[in-house]
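Notes follow once the structure below has been shown.
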Amino acid sequence: MSEAIEASTTRATEPDRLAARARRSRWLPVLLSPVGAGAGIGLFLLLILAVFGPAVWRKRAEQADVAHMLQGPSAAHWAGTDNLGRDLFARVMVATRLSVELALTATVIAVVAGFCLGAAGFVLGRRANRAVAAVVNVAVAFPGILLALFFAVIFGVGAKGAVLAIGFAGAPAFARLTQTLVAGVEKRDFVAAAHVAGIGRPRVLLRHVLPNIAEPLIVNATIGAGGAFLSFASLSFLGLGVQAPRYDWGRLLGDGLTGIYTQPVAALAPGIAVILAGLAFNLFGEALAKGVGVTATINRPIRGRIRPPVGVPAAPDRPAGAEVTGEADDVLSVQGLTVSFASAAGRVHPVRGVDFRLGRGEAVGIVGESGSGKSLTALAIAQLIEPPGQVRAGQLRFLGHDLLAEPAHRNRRLLGTSLALVFQDPMTSFNPTRRIGSQLAEVGRRHGGLSRRAAAARVVDRLRSVRVPAAERRARQYPHEYSGGMRQRAMIGMGLMGSPALIIADEPTTALDVTVQRQVLDLLQSIRAADGVSLLLISHDIAVVGQVCDRVLVMYAGRIIEELPASALARDSRHPYTRALIAAVPHMQTDRDRPLAVIPGRAPDPAEVPPGCAFAPRCPLASEQCRSSEPPLLADAQGRRVACWHADQVTAGQAGPTIGTPNGARA
Amino acid sequence: MSELRFDDVRIHYGSRRHGLPAVQGVDLSVPSGQIVGLVGESGSGKSSLARAAVGLEPLSGGQILLDGRPIPRRGRNRPVQLVFQDPYSSLDPRLTIGASIAETLPRGTGRSGRRAEVNRLLELVELDPALAAGYPARLSGGQRQRVALARALAARPEVIIADEITSALDVSVQGTVLNLVRSLQAELGTSMLFISHNLAVVRYLATQLAVMYLGRIVEQGPTEAVLRDPQHPYTRDLLASVPELGGVRVEPVAAGPAEADPPDPHQPPPGCPYHPRCPIGPLVRPERELCRTSRPEPVHRHQAACHFAGAANAQPLSVLTGGDRRESA
């Protein structure tokens, strides 16, 4: 193997190791948490006892000593003796193995039977699925202990009967769990892909579905095992469990209970054992569930209520007011804005010092690839970054108010009435259980101080202004009754309930069809023209931004790398990245005989931004200087800004550099 | 080689009376070795058609034929393969990339043969074969979509259906996937149905173009011809909606009715399904009552299903030739 290939494989395995570490680290914190550690040690001791207990104590446990019958606790017999004079402590220890064996076997039966029942629908097809679901529904409705008694009668009295009874009694719960989990995975495309590949349903189940639902099943099985100890104790206590001469904890408990007033320890000792063992399994399962659950929610996007920012004066390396001179009628002026998050590898800065201003009635677009920090910039302006996210800025002024200095409640009032937000997916921005009209009215009543009647009238008026047909009727409808485009209109209408000075629209049309996209963009344009509202439009599609905005900010790896008038986008951009982005968009005049222009490589991870210019590894013009020092964002005479050491080189050649060849590109 | 034919295909979800007629009689041919583009808005039935072709949706009428024969629906070696829209959902996170690809390989490939084939396929889609041992979690969207392509190719398909395969990707990554699709198609000669809502993307790839609206194909023909001289008002509306850089933009013929909500597919409008939005229909020209009552047959040029396909375009279409003028300038 040549060195080059080896180098590439090491590069390839680096993220892999990270992924493996991430997976391992899902389970490790569980063991390190106090509850997890305690339960883990308890489980370990229990298993040791189950393995070695009989060997150590069997002799004492079965040695009858008629001279010392039914004695209380003493130094020789810690838990006293039974009616044949056998040492009770030794008997409890020896019974550990049988008790654990029975509980685990029953749990395995419950899980396997439950899984088979729950997954049967997946294997057998749609109609059988409904029948199985009905059976499970009925079975789940019966109390577990009732089922166990029922099965115990069928399978006969004894250890085997008890195991089968408790196993099958636990099965419906697992069947239900399996059904729910399978239904979630079943809808995903990789299962459909496996069907298309011609793989049989049982194999799809084992290969694709089972590994993806195993985690919650294991967690619930662990908790179920804890419950099984108790169930066995009850069955044996009722005389339906283990029969003499064999004994488990339940049996010992039942025997001891006859003399509970004279010799309580005989019943207490096995009782304590049952409780401890059950607790160990239960707590371990809970700890696992918590661990798995917590990691599953870590990557959720940050959306939520307005929270006060963690405002700290200017970022150290950025003298305030150095570059962006705020003008009196600015709607928004931002200087040195950074957003950071704590991660395992230290603080990560997805936004690293963003400066810009937005005048009254102006439309400014922010473009960039996913991960460039454009959405976080918008959220930071709207004060929607929640801890552990941290927002810092030299200046963050909205309508002349310093958002970082003023108290949160005042910001909330200001932003509530003067800032409108439009997100990509309006379905998640509306409460699905409430009518559109009442959700809009709430904004008017809370922030505008309108009466109920005035708010309702304003809702209809606003819906009309965003061109929702039959506004009065539609105000009484629920979000799901709206199409995607209409929901987006309603969202804009909600922003217009106040008298916004600024609309921030984050990918407002990405989820929409082109014809609807055009309508929504037209709507934003006309609102802006009619009311002098400023617009901050964020999109990955440079054509959309170019169509609507006056000025465009291009972001890359958390920084603005170019600012230019939208009219200059097509021909006069100076940053190689901007040019590459523009070239990459296929349009109706693209030469069909040539490969599309592409940008090789991928955008850097916020945690691993290279030194120097972040675009250098993908840039055809990159020099030694680019790789070592980061170019500042410099303004020219016309107020355009660009951060590139070779900006002049880009403009000099009219055609610009040919960026990216299709064959060299591995996106 | 192989031709995929949709012959009066109908797909109906749910019950007969209250269900959703997703596809209502589609005739479409994907000629051997060609890329056919299928455009339309969400809810028009494009994806249902794609899923039906690979057997994921049952047909309620008509048939889908490969070289005149029904497509085998059982067992391995399926000759029609589908690449899904969302690369984050279409790869099993618990399966290595190599295993995902190997799964689709024809039966009877030995262990070493399988590994060699996986490596070959990864190289074919311009990925490092060393990736085979890793999990999809580490891949970017573009890389995942390449893996999905490699998986589809592993079955040695005669037809590939690509369902919006770039719409989940950044524009900057989209180009690399499109280039790959084009070069692979040229190299392997596989027939392809390329579904997208982006006309510019379809125009770049496809030799034939079909426009779908509310479960029916309303216009089809050679891509160049359809885009140069669209016959159906919906095709024109689509064309006018393509965002163009530099502020130059084709204005829609008439904005009024196009503001209307897209129709409810559960209750398709009577007559021409496009009439509630049509800029040359009864809402704008009240004398065209015909559109409300009778469904147009696809009998015009480009098989356009519009009563006024020929007559209407003389005046309004002149606005649309802006694109051509720029091209010649």
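Numbering starts fresh at 1 for the residues of each chain in the structure tokens, the chains themselves are lettered A, B, ... in the order given, and ligands are numbered from 1 as they appear.
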* Return the neighbours of chain A among the residues of chain B, cut-off 6 Å, counting only C-alpha atoms, as a VMD selection string. => chain B and resid 41 75 to 76 89 to 92 104 172 175 to 176 179 200 204 241 243 to 247
Residue selection dump (C-alpha atoms) as a CSV table (one decimal), in the first residue's frame:
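New file result00.csv:
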```csv
chain,number,residue,atom,x,y,z
B,41,GLU,CA,-45.3,19.8,-7.0
B,75,GLY,CA,-36.8,-12.7,-4.6
B,76,ARG,CA,-33.5,-11.1,-5.2
B,89,SER,CA,-33.2,7.9,6.5
B,90,SER,CA,-32.3,5.5,3.7
B,91,LEU,CA,-29.1,4.0,5.2
B,92,ASP,CA,-29.4,1.7,8.2
B,104,THR,CA,-28.3,-5.6,-2.7
B,172,SER,CA,-22.9,23.2,-3.4
B,175,GLY,CA,-23.7,19.5,-8.4
B,176,THR,CA,-21.3,16.6,-7.5
B,179,ASN,CA,-22.4,15.0,-12.3
B,200,ALA,CA,-33.2,23.4,-13.8
B,204,TYR,CA,-29.6,19.5,-17.1
B,241,SER,CA,-41.1,30.0,-10.9
B,243,PRO,CA,-35.4,31.5,-9.4
B,244,GLU,CA,-32.7,33.0,-11.5
B,245,LEU,CA,-29.7,34.9,-10.3
B,246,GLY,CA,-29.0,38.5,-11.1
B,247,GLY,CA,-32.5,39.8,-10.7
```
* Which residues, written as a ChimeraX atom specification, have at least one atom at most 12 Å from segment 272-276 of chain A, with only C-alpha atoms counted and residues fewer than 6 positions away on the same chain left out? -> /A:38-39,41-43,45-46,49,79,89,91-97,99-100,103,225-234,248-253,265-266,282-283
* To do: Using DSSP on the backbone coordinates, identify all residues within segment 131-181 of chain B classified as strand (DSSP E); present the result as a ChimeraX atom specification.
  => /B:159-163
* Asked: At what distance in Å, to one decimal, does atom CA of Met494 of chain A lie from atom CA of Pro432 of chain A?
  -> 15.1 Å
* Polymer residues at most 8 Å from segment 213-223 of chain B, only C-alpha atoms, same-chain spacing of 4 or more positions, as a VMD selection string -> chain B and resid 21 to 27 40 to 41 43 to 46 203 206 to 209 227 231 to 232 235 265 268 273 to 274 298 302 to 306
